[in-house]
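Structure file structure35.cif (mmCIF, N, CA and C atoms) follows.
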data_upload
#
loop_
_atom_site.label_atom_id
_atom_site.label_comp_id
_atom_site.auth_asym_id
_atom_site.auth_seq_id
_atom_site.Cartn_x
_atom_site.Cartn_y
_atom_site.Cartn_z
N PRO A 1 -6.42 -2.14 7.60
CA PRO A 1 -6.45 -3.49 7.10
C PRO A 1 -5.41 -4.40 7.74
N TYR A 2 -4.73 -3.91 8.77
CA TYR A 2 -3.66 -4.69 9.38
C TYR A 2 -4.22 -5.81 10.25
N ILE A 3 -3.67 -7.01 10.11
CA ILE A 3 -4.14 -8.13 10.90
C ILE A 3 -3.07 -8.69 11.82
N ILE A 4 -1.81 -8.23 11.66
CA ILE A 4 -0.72 -8.69 12.51
C ILE A 4 0.40 -7.66 12.44
N HIS A 5 1.11 -7.50 13.53
CA HIS A 5 2.32 -6.68 13.51
C HIS A 5 3.40 -7.53 12.87
N SER A 6 3.81 -7.19 11.67
CA SER A 6 4.71 -8.07 10.92
C SER A 6 6.15 -7.56 10.88
N ASN A 7 6.48 -6.69 11.81
CA ASN A 7 7.86 -6.20 11.85
C ASN A 7 8.72 -7.09 12.75
N PHE A 8 8.74 -8.38 12.42
CA PHE A 8 9.53 -9.34 13.18
C PHE A 8 11.01 -9.08 12.95
N SER A 9 11.81 -9.40 13.93
CA SER A 9 13.25 -9.29 13.80
C SER A 9 13.75 -10.25 12.73
N THR A 10 14.72 -9.80 11.95
CA THR A 10 15.32 -10.69 10.95
C THR A 10 16.17 -11.76 11.62
N LEU A 11 16.42 -11.61 12.91
CA LEU A 11 17.19 -12.60 13.63
C LEU A 11 16.31 -13.71 14.19
N LYS A 12 15.00 -13.60 14.02
CA LYS A 12 14.09 -14.63 14.52
C LYS A 12 14.13 -15.83 13.56
N PRO A 13 14.66 -16.96 14.00
CA PRO A 13 14.82 -18.08 13.07
C PRO A 13 13.56 -18.92 12.84
N ASP A 14 12.63 -18.90 13.78
CA ASP A 14 11.45 -19.76 13.68
C ASP A 14 10.18 -18.94 13.88
N TYR A 15 9.13 -19.37 13.19
CA TYR A 15 7.83 -18.73 13.32
C TYR A 15 6.82 -19.82 13.68
N ASN A 16 5.78 -19.42 14.44
CA ASN A 16 4.78 -20.42 14.79
C ASN A 16 3.93 -20.74 13.55
N GLY A 17 3.03 -21.68 13.66
CA GLY A 17 2.28 -22.17 12.51
C GLY A 17 1.45 -21.14 11.77
N THR A 18 0.97 -20.10 12.45
CA THR A 18 0.09 -19.12 11.79
C THR A 18 0.80 -17.86 11.33
N GLU A 19 1.95 -17.55 11.90
CA GLU A 19 2.62 -16.28 11.60
C GLU A 19 2.96 -16.08 10.12
N PRO A 20 3.53 -17.06 9.42
CA PRO A 20 3.85 -16.82 8.01
C PRO A 20 2.61 -16.48 7.16
N ASN A 21 1.53 -17.22 7.35
CA ASN A 21 0.32 -16.93 6.58
C ASN A 21 -0.27 -15.57 6.94
N LEU A 22 -0.24 -15.23 8.21
CA LEU A 22 -0.76 -13.91 8.62
C LEU A 22 0.10 -12.79 8.04
N MET A 23 1.41 -12.99 7.98
CA MET A 23 2.27 -11.96 7.39
C MET A 23 1.97 -11.77 5.91
N ILE A 24 1.73 -12.87 5.19
CA ILE A 24 1.41 -12.77 3.77
C ILE A 24 0.06 -12.09 3.57
N ARG A 25 -0.95 -12.48 4.35
CA ARG A 25 -2.27 -11.84 4.26
C ARG A 25 -2.18 -10.37 4.63
N ASN A 26 -1.36 -10.05 5.64
CA ASN A 26 -1.19 -8.66 6.04
C ASN A 26 -0.59 -7.83 4.90
N GLY A 27 0.42 -8.38 4.24
CA GLY A 27 1.03 -7.67 3.11
C GLY A 27 0.03 -7.43 2.00
N TYR A 28 -0.78 -8.42 1.72
CA TYR A 28 -1.82 -8.28 0.70
C TYR A 28 -2.82 -7.19 1.10
N ASN A 29 -3.26 -7.23 2.35
CA ASN A 29 -4.22 -6.23 2.83
C ASN A 29 -3.65 -4.82 2.80
N VAL A 30 -2.38 -4.68 3.14
CA VAL A 30 -1.76 -3.36 3.11
C VAL A 30 -1.65 -2.86 1.67
N ALA A 31 -1.18 -3.72 0.77
CA ALA A 31 -0.98 -3.32 -0.62
C ALA A 31 -2.28 -3.02 -1.34
N THR A 32 -3.37 -3.68 -0.95
CA THR A 32 -4.64 -3.49 -1.65
C THR A 32 -5.65 -2.70 -0.82
N MET A 33 -5.24 -2.23 0.36
CA MET A 33 -6.16 -1.56 1.29
C MET A 33 -7.38 -2.44 1.54
N GLY A 34 -7.09 -3.68 1.92
CA GLY A 34 -8.18 -4.62 2.22
C GLY A 34 -9.01 -4.94 1.01
N ASN A 35 -8.32 -5.13 -0.15
CA ASN A 35 -9.02 -5.38 -1.41
C ASN A 35 -10.01 -4.26 -1.72
N SER A 36 -9.57 -3.04 -1.46
CA SER A 36 -10.33 -1.80 -1.67
C SER A 36 -11.56 -1.66 -0.79
N THR A 37 -11.61 -2.41 0.31
CA THR A 37 -12.74 -2.25 1.23
C THR A 37 -12.50 -1.11 2.22
N VAL A 38 -11.23 -0.74 2.44
CA VAL A 38 -10.91 0.35 3.36
C VAL A 38 -10.98 1.69 2.64
N GLU A 39 -10.48 1.72 1.42
CA GLU A 39 -10.46 2.94 0.62
C GLU A 39 -10.89 2.57 -0.79
N SER A 40 -12.09 2.96 -1.17
CA SER A 40 -12.66 2.53 -2.45
C SER A 40 -11.89 3.09 -3.65
N GLU A 41 -11.18 4.19 -3.49
CA GLU A 41 -10.44 4.79 -4.60
C GLU A 41 -8.98 4.35 -4.63
N TRP A 42 -8.62 3.37 -3.82
CA TRP A 42 -7.22 2.96 -3.68
C TRP A 42 -6.61 2.52 -5.01
N LEU A 43 -7.33 1.71 -5.80
CA LEU A 43 -6.76 1.25 -7.07
C LEU A 43 -6.51 2.41 -8.02
N THR A 44 -7.38 3.39 -8.01
CA THR A 44 -7.14 4.59 -8.81
C THR A 44 -5.87 5.28 -8.35
N CYS A 45 -5.69 5.36 -7.05
CA CYS A 45 -4.51 6.03 -6.51
C CYS A 45 -3.22 5.28 -6.84
N VAL A 46 -3.27 3.95 -6.82
CA VAL A 46 -2.10 3.16 -7.20
C VAL A 46 -1.77 3.41 -8.67
N GLY A 47 -2.78 3.43 -9.50
CA GLY A 47 -2.57 3.72 -10.92
C GLY A 47 -1.98 5.10 -11.13
N CYS A 48 -2.46 6.07 -10.38
CA CYS A 48 -1.93 7.43 -10.49
C CYS A 48 -0.46 7.47 -10.07
N ALA A 49 -0.12 6.74 -9.03
CA ALA A 49 1.26 6.71 -8.57
C ALA A 49 2.16 6.10 -9.65
N MET A 50 1.68 5.06 -10.31
CA MET A 50 2.47 4.43 -11.37
C MET A 50 2.66 5.36 -12.56
N LEU A 51 1.67 6.17 -12.86
CA LEU A 51 1.74 7.06 -14.02
C LEU A 51 2.35 8.42 -13.73
N SER A 52 2.54 8.75 -12.48
CA SER A 52 2.95 10.10 -12.09
C SER A 52 4.19 10.58 -12.83
N ARG A 53 5.24 9.79 -12.86
CA ARG A 53 6.47 10.21 -13.51
C ARG A 53 6.27 10.43 -15.01
N SER A 54 5.54 9.54 -15.66
CA SER A 54 5.28 9.69 -17.09
C SER A 54 4.46 10.94 -17.38
N LEU A 55 3.48 11.20 -16.54
CA LEU A 55 2.67 12.41 -16.74
C LEU A 55 3.55 13.66 -16.64
N THR A 56 4.45 13.67 -15.66
CA THR A 56 5.34 14.81 -15.48
C THR A 56 6.30 14.94 -16.65
N LYS A 57 6.92 13.84 -17.07
CA LYS A 57 7.90 13.87 -18.15
C LYS A 57 7.30 14.29 -19.48
N THR A 58 6.05 13.92 -19.73
CA THR A 58 5.41 14.24 -21.01
C THR A 58 4.63 15.55 -20.97
N GLY A 59 4.57 16.17 -19.79
CA GLY A 59 3.83 17.42 -19.68
C GLY A 59 2.33 17.23 -19.76
N THR A 60 1.87 16.03 -19.48
CA THR A 60 0.44 15.74 -19.53
C THR A 60 -0.25 16.27 -18.28
N THR A 61 -1.41 16.85 -18.46
CA THR A 61 -2.17 17.36 -17.32
C THR A 61 -2.55 16.20 -16.41
N VAL A 62 -2.29 16.39 -15.13
CA VAL A 62 -2.60 15.36 -14.15
C VAL A 62 -4.10 15.37 -13.89
N PRO A 63 -4.76 14.22 -14.04
CA PRO A 63 -6.21 14.17 -13.80
C PRO A 63 -6.57 14.56 -12.36
N ALA A 64 -7.74 15.11 -12.20
CA ALA A 64 -8.20 15.56 -10.88
C ALA A 64 -8.19 14.42 -9.86
N ALA A 65 -8.57 13.22 -10.29
CA ALA A 65 -8.57 12.08 -9.37
C ALA A 65 -7.16 11.81 -8.84
N CYS A 66 -6.17 11.99 -9.71
CA CYS A 66 -4.78 11.77 -9.29
C CYS A 66 -4.31 12.86 -8.33
N ILE A 67 -4.70 14.08 -8.59
CA ILE A 67 -4.32 15.17 -7.68
C ILE A 67 -4.89 14.91 -6.29
N LYS A 68 -6.14 14.48 -6.25
CA LYS A 68 -6.77 14.15 -4.97
C LYS A 68 -5.99 13.04 -4.25
N CYS A 69 -5.64 11.99 -4.99
CA CYS A 69 -4.89 10.88 -4.40
C CYS A 69 -3.53 11.33 -3.90
N LEU A 70 -2.83 12.07 -4.69
CA LEU A 70 -1.49 12.52 -4.33
C LEU A 70 -1.54 13.42 -3.10
N ASP A 71 -2.56 14.26 -3.03
CA ASP A 71 -2.72 15.11 -1.84
C ASP A 71 -3.01 14.28 -0.60
N MET A 72 -3.76 13.19 -0.78
CA MET A 72 -4.18 12.37 0.35
C MET A 72 -3.06 11.45 0.84
N TYR A 73 -2.29 10.88 -0.08
CA TYR A 73 -1.37 9.82 0.31
C TYR A 73 0.12 10.15 0.21
N CYS A 74 0.49 11.19 -0.52
CA CYS A 74 1.92 11.44 -0.75
C CYS A 74 2.42 12.60 0.09
N TRP A 75 3.59 12.40 0.63
CA TRP A 75 4.24 13.43 1.44
C TRP A 75 4.84 14.46 0.51
N ASN A 76 4.64 15.72 0.80
CA ASN A 76 5.17 16.79 -0.04
C ASN A 76 6.07 17.66 0.81
N GLY A 77 7.30 17.20 1.00
CA GLY A 77 8.16 17.95 1.89
C GLY A 77 9.56 17.97 1.55
#
Rewrite the structure from the file as structure tokens, please.
Amino acid sequence: PYIIHSNFSTLKPDYNGTEPNLMIRNGYNVATMGNSTVESEWLTCVGCAMLSRSLTKTGTTVPAACIKCLDMYCWNG
């Protein structure tokens, strides 16, 4: 979902007319996986990530959908 390389130097004082808007759109696309067009289960995975600590602390069984997401997106090392 990336539309621009947005790793600009923090020392860059000026941006051209389109760069700020492209950086904002890029951040949105990365955070939402292209509004779930790249990965249809992305919102489920974000929800699982938010609940992960609570599930662990309360001893609640982790749903299968969350296990799949965690295996796919989280580093285990």
Using the file's own x, y and z axes, so that the box edges lie along x, y and z, what centre and edge lengths in Å (one decimal) does a box around every listed atom of region 16-31 of chain A get when 5 Å is added on each side? Give it as JSON.
{"center_x": 0.8, "center_y": -12.5, "center_z": 6.7, "size_x": 20.0, "size_y": 29.3, "size_z": 26.1}
Within 10 Å of region 15-31 of chain A, counting only C-alpha atoms, which residues qualify if same-chain residues fewer than 6 places away don't, as a list in words?
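Near neighbours after the sequence-gap exclusion: Pro1, Tyr2, Ile3, Ile4, His5, Ser6, Asn7, Phe8, Thr37, Val38, Trp42, Leu43 and Val46 of chain A.
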Using Å and a single decimal, report how far CA of Asn76 (chain A) sits from CA of Leu51 (chain A).
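These atoms are spaced 17.4 Å apart.
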Identify the residues around (2.1, 13.2, -3.0) within a radius of 12 Å, measuring from only C-alpha atoms in the coordinates stated by the file, and give them as a list in words.
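These residues have at least one counted atom within 12 Å: Cys45, Val46, Cys48, Ala49, Ser52, Arg53, Cys66, Ile67, Lys68, Cys69, Leu70, Asp71, Met72, Tyr73, Cys74, Trp75, Asn76 and Gly77 of chain A.
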Could you please determine the separation between CA of Asn35 (chain A) and CA of Ala64 (chain A) in Å, to one decimal place?
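Answer for the CA of Asn35 (chain A) to CA of Ala64 (chain A) separation: 23.0 Å.
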For the structure I just gave you, how does DSSP split chain A - specifically, which residues are alpha helix (DSSP H)? Reply as a PDB file with N, CA and C atoms, keeping the file's coordinate frame.
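And here is the file that came out, part-v4.pdb:
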ATOM      1  N   GLU A  19       1.950 -17.550  11.900  1.00  0.00           N
ATOM      2  CA  GLU A  19       2.620 -16.280  11.600  1.00  0.00           C
ATOM      3  C   GLU A  19       2.960 -16.080  10.120  1.00  0.00           C
ATOM      4  N   PRO A  20       3.530 -17.060   9.420  1.00  0.00           N
ATOM      5  CA  PRO A  20       3.850 -16.820   8.010  1.00  0.00           C
ATOM      6  C   PRO A  20       2.610 -16.480   7.160  1.00  0.00           C
ATOM      7  N   ASN A  21       1.530 -17.220   7.350  1.00  0.00           N
ATOM      8  CA  ASN A  21       0.320 -16.930   6.580  1.00  0.00           C
ATOM      9  C   ASN A  21      -0.270 -15.570   6.940  1.00  0.00           C
ATOM     10  N   LEU A  22      -0.240 -15.230   8.210  1.00  0.00           N
ATOM     11  CA  LEU A  22      -0.760 -13.910   8.620  1.00  0.00           C
ATOM     12  C   LEU A  22       0.100 -12.790   8.040  1.00  0.00           C
ATOM     13  N   MET A  23       1.410 -12.990   7.980  1.00  0.00           N
ATOM     14  CA  MET A  23       2.270 -11.960   7.390  1.00  0.00           C
ATOM     15  C   MET A  23       1.970 -11.770   5.910  1.00  0.00           C
ATOM     16  N   ILE A  24       1.730 -12.870   5.190  1.00  0.00           N
ATOM     17  CA  ILE A  24       1.410 -12.770   3.770  1.00  0.00           C
ATOM     18  C   ILE A  24       0.060 -12.090   3.570  1.00  0.00           C
ATOM     19  N   ARG A  25      -0.950 -12.480   4.350  1.00  0.00           N
ATOM     20  CA  ARG A  25      -2.270 -11.840   4.260  1.00  0.00           C
ATOM     21  C   ARG A  25      -2.180 -10.370   4.630  1.00  0.00           C
ATOM     22  N   ASN A  26      -1.360 -10.050   5.640  1.00  0.00           N
ATOM     23  CA  ASN A  26      -1.190  -8.660   6.040  1.00  0.00           C
ATOM     24  C   ASN A  26      -0.590  -7.830   4.900  1.00  0.00           C
ATOM     25  N   GLY A  27       0.420  -8.380   4.240  1.00  0.00           N
ATOM     26  CA  GLY A  27       1.030  -7.670   3.110  1.00  0.00           C
ATOM     27  C   GLY A  27       0.030  -7.430   2.000  1.00  0.00           C
ATOM     28  N   TYR A  28      -0.780  -8.420   1.720  1.00  0.00           N
ATOM     29  CA  TYR A  28      -1.820  -8.280   0.700  1.00  0.00           C
ATOM     30  C   TYR A  28      -2.820  -7.190   1.100  1.00  0.00           C
ATOM     31  N   ASN A  29      -3.260  -7.230   2.350  1.00  0.00           N
ATOM     32  CA  ASN A  29      -4.220  -6.230   2.830  1.00  0.00           C
ATOM     33  C   ASN A  29      -3.650  -4.820   2.800  1.00  0.00           C
ATOM     34  N   VAL A  30      -2.380  -4.680   3.140  1.00  0.00           N
ATOM     35  CA  VAL A  30      -1.760  -3.360   3.110  1.00  0.00           C
ATOM     36  C   VAL A  30      -1.650  -2.860   1.670  1.00  0.00           C
ATOM     37  N   ALA A  31      -1.180  -3.720   0.770  1.00  0.00           N
ATOM     38  CA  ALA A  31      -0.980  -3.320  -0.620  1.00  0.00           C
ATOM     39  C   ALA A  31      -2.280  -3.020  -1.340  1.00  0.00           C
ATOM     40  N   THR A  32      -3.370  -3.680  -0.950  1.00  0.00           N
ATOM     41  CA  THR A  32      -4.640  -3.490  -1.650  1.00  0.00           C
ATOM     42  C   THR A  32      -5.650  -2.700  -0.820  1.00  0.00           C
ATOM     43  N   MET A  33      -5.240  -2.230   0.360  1.00  0.00           N
ATOM     44  CA  MET A  33      -6.160  -1.560   1.290  1.00  0.00           C
ATOM     45  C   MET A  33      -7.380  -2.440   1.540  1.00  0.00           C
ATOM     46  N   GLY A  34      -7.090  -3.680   1.920  1.00  0.00           N
ATOM     47  CA  GLY A  34      -8.180  -4.620   2.220  1.00  0.00           C
ATOM     48  C   GLY A  34      -9.010  -4.940   1.010  1.00  0.00           C
ATOM     49  N   ASN A  35      -8.320  -5.130  -0.150  1.00  0.00           N
ATOM     50  CA  ASN A  35      -9.020  -5.380  -1.410  1.00  0.00           C
ATOM     51  C   ASN A  35     -10.010  -4.260  -1.720  1.00  0.00           C
ATOM     52  N   SER A  36      -9.570  -3.040  -1.460  1.00  0.00           N
ATOM     53  CA  SER A  36     -10.330  -1.800  -1.670  1.00  0.00           C
ATOM     54  C   SER A  36     -11.560  -1.660  -0.790  1.00  0.00           C
ATOM     55  N   TRP A  42      -8.620   3.370  -3.820  1.00  0.00           N
ATOM     56  CA  TRP A  42      -7.220   2.960  -3.680  1.00  0.00           C
ATOM     57  C   TRP A  42      -6.610   2.520  -5.010  1.00  0.00           C
ATOM     58  N   LEU A  43      -7.330   1.710  -5.800  1.00  0.00           N
ATOM     59  CA  LEU A  43      -6.760   1.250  -7.070  1.00  0.00           C
ATOM     60  C   LEU A  43      -6.510   2.410  -8.020  1.00  0.00           C
ATOM     61  N   THR A  44      -7.380   3.390  -8.010  1.00  0.00           N
ATOM     62  CA  THR A  44      -7.140   4.590  -8.810  1.00  0.00           C
ATOM     63  C   THR A  44      -5.870   5.280  -8.350  1.00  0.00           C
ATOM     64  N   CYS A  45      -5.690   5.360  -7.050  1.00  0.00           N
ATOM     65  CA  CYS A  45      -4.510   6.030  -6.510  1.00  0.00           C
ATOM     66  C   CYS A  45      -3.220   5.280  -6.840  1.00  0.00           C
ATOM     67  N   VAL A  46      -3.270   3.950  -6.820  1.00  0.00           N
ATOM     68  CA  VAL A  46      -2.100   3.160  -7.200  1.00  0.00           C
ATOM     69  C   VAL A  46      -1.770   3.410  -8.670  1.00  0.00           C
ATOM     70  N   GLY A  47      -2.780   3.430  -9.500  1.00  0.00           N
ATOM     71  CA  GLY A  47      -2.570   3.720 -10.920  1.00  0.00           C
ATOM     72  C   GLY A  47      -1.980   5.100 -11.130  1.00  0.00           C
ATOM     73  N   CYS A  48      -2.460   6.070 -10.380  1.00  0.00           N
ATOM     74  CA  CYS A  48      -1.930   7.430 -10.490  1.00  0.00           C
ATOM     75  C   CYS A  48      -0.460   7.470 -10.070  1.00  0.00           C
ATOM     76  N   ALA A  49      -0.120   6.740  -9.030  1.00  0.00           N
ATOM     77  CA  ALA A  49       1.260   6.710  -8.570  1.00  0.00           C
ATOM     78  C   ALA A  49       2.160   6.100  -9.650  1.00  0.00           C
ATOM     79  N   MET A  50       1.680   5.060 -10.310  1.00  0.00           N
ATOM     80  CA  MET A  50       2.470   4.430 -11.370  1.00  0.00           C
ATOM     81  C   MET A  50       2.660   5.360 -12.560  1.00  0.00           C
ATOM     82  N   LEU A  51       1.670   6.170 -12.860  1.00  0.00           N
ATOM     83  CA  LEU A  51       1.740   7.060 -14.020  1.00  0.00           C
ATOM     84  C   LEU A  51       2.350   8.420 -13.730  1.00  0.00           C
ATOM     85  N   SER A  52       2.540   8.750 -12.480  1.00  0.00           N
ATOM     86  CA  SER A  52       2.950  10.100 -12.090  1.00  0.00           C
ATOM     87  C   SER A  52       4.190  10.580 -12.830  1.00  0.00           C
ATOM     88  N   ARG A  53       5.240   9.790 -12.860  1.00  0.00           N
ATOM     89  CA  ARG A  53       6.470  10.210 -13.510  1.00  0.00           C
ATOM     90  C   ARG A  53       6.270  10.430 -15.010  1.00  0.00           C
ATOM     91  N   SER A  54       5.540   9.540 -15.660  1.00  0.00           N
ATOM     92  CA  SER A  54       5.280   9.690 -17.090  1.00  0.00           C
ATOM     93  C   SER A  54       4.460  10.940 -17.380  1.00  0.00           C
ATOM     94  N   LEU A  55       3.480  11.200 -16.540  1.00  0.00           N
ATOM     95  CA  LEU A  55       2.670  12.410 -16.740  1.00  0.00           C
ATOM     96  C   LEU A  55       3.550  13.660 -16.640  1.00  0.00           C
ATOM     97  N   THR A  56       4.450  13.670 -15.660  1.00  0.00           N
ATOM     98  CA  THR A  56       5.340  14.810 -15.480  1.00  0.00           C
ATOM     99  C   THR A  56       6.300  14.940 -16.650  1.00  0.00           C
ATOM    100  N   LYS A  57       6.920  13.840 -17.070  1.00  0.00           N
ATOM    101  CA  LYS A  57       7.900  13.870 -18.150  1.00  0.00           C
ATOM    102  C   LYS A  57       7.300  14.290 -19.480  1.00  0.00           C
ATOM    103  N   THR A  58       6.050  13.920 -19.730  1.00  0.00           N
ATOM    104  CA  THR A  58       5.410  14.240 -21.010  1.00  0.00           C
ATOM    105  C   THR A  58       4.630  15.550 -20.970  1.00  0.00           C
ATOM    106  N   ALA A  64      -7.740  15.110 -12.200  1.00  0.00           N
ATOM    107  CA  ALA A  64      -8.200  15.560 -10.880  1.00  0.00           C
ATOM    108  C   ALA A  64      -8.190  14.420  -9.860  1.00  0.00           C
ATOM    109  N   ALA A  65      -8.570  13.220 -10.290  1.00  0.00           N
ATOM    110  CA  ALA A  65      -8.570  12.080  -9.370  1.00  0.00           C
ATOM    111  C   ALA A  65      -7.160  11.810  -8.840  1.00  0.00           C
ATOM    112  N   CYS A  66      -6.170  11.990  -9.710  1.00  0.00           N
ATOM    113  CA  CYS A  66      -4.780  11.770  -9.290  1.00  0.00           C
ATOM    114  C   CYS A  66      -4.310  12.860  -8.330  1.00  0.00           C
ATOM    115  N   ILE A  67      -4.700  14.080  -8.590  1.00  0.00           N
ATOM    116  CA  ILE A  67      -4.320  15.170  -7.680  1.00  0.00           C
ATOM    117  C   ILE A  67      -4.890  14.910  -6.290  1.00  0.00           C
ATOM    118  N   LYS A  68      -6.140  14.480  -6.250  1.00  0.00           N
ATOM    119  CA  LYS A  68      -6.770  14.150  -4.970  1.00  0.00           C
ATOM    120  C   LYS A  68      -5.990  13.040  -4.250  1.00  0.00           C
ATOM    121  N   CYS A  69      -5.640  11.990  -4.990  1.00  0.00           N
ATOM    122  CA  CYS A  69      -4.890  10.880  -4.400  1.00  0.00           C
ATOM    123  C   CYS A  69      -3.530  11.330  -3.900  1.00  0.00           C
ATOM    124  N   LEU A  70      -2.830  12.070  -4.690  1.00  0.00           N
ATOM    125  CA  LEU A  70      -1.490  12.520  -4.330  1.00  0.00           C
ATOM    126  C   LEU A  70      -1.540  13.420  -3.100  1.00  0.00           C
ATOM    127  N   ASP A  71      -2.560  14.260  -3.030  1.00  0.00           N
ATOM    128  CA  ASP A  71      -2.720  15.110  -1.840  1.00  0.00           C
ATOM    129  C   ASP A  71      -3.010  14.280  -0.600  1.00  0.00           C
ATOM    130  N   MET A  72      -3.760  13.190  -0.780  1.00  0.00           N
ATOM    131  CA  MET A  72      -4.180  12.370   0.350  1.00  0.00           C
ATOM    132  C   MET A  72      -3.060  11.450   0.840  1.00  0.00           C
ATOM    133  N   TYR A  73      -2.290  10.880  -0.080  1.00  0.00           N
ATOM    134  CA  TYR A  73      -1.370   9.820   0.310  1.00  0.00           C
ATOM    135  C   TYR A  73       0.120  10.150   0.210  1.00  0.00           C
TER     136      TYR A  73
END
State, in Å with one decimal place, the distance from CA of Ala65 (chain A) to CA of Ser36 (chain A).
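According to the coordinates, CA of Ala65 (chain A) and CA of Ser36 (chain A) are separated by 16.0 Å.
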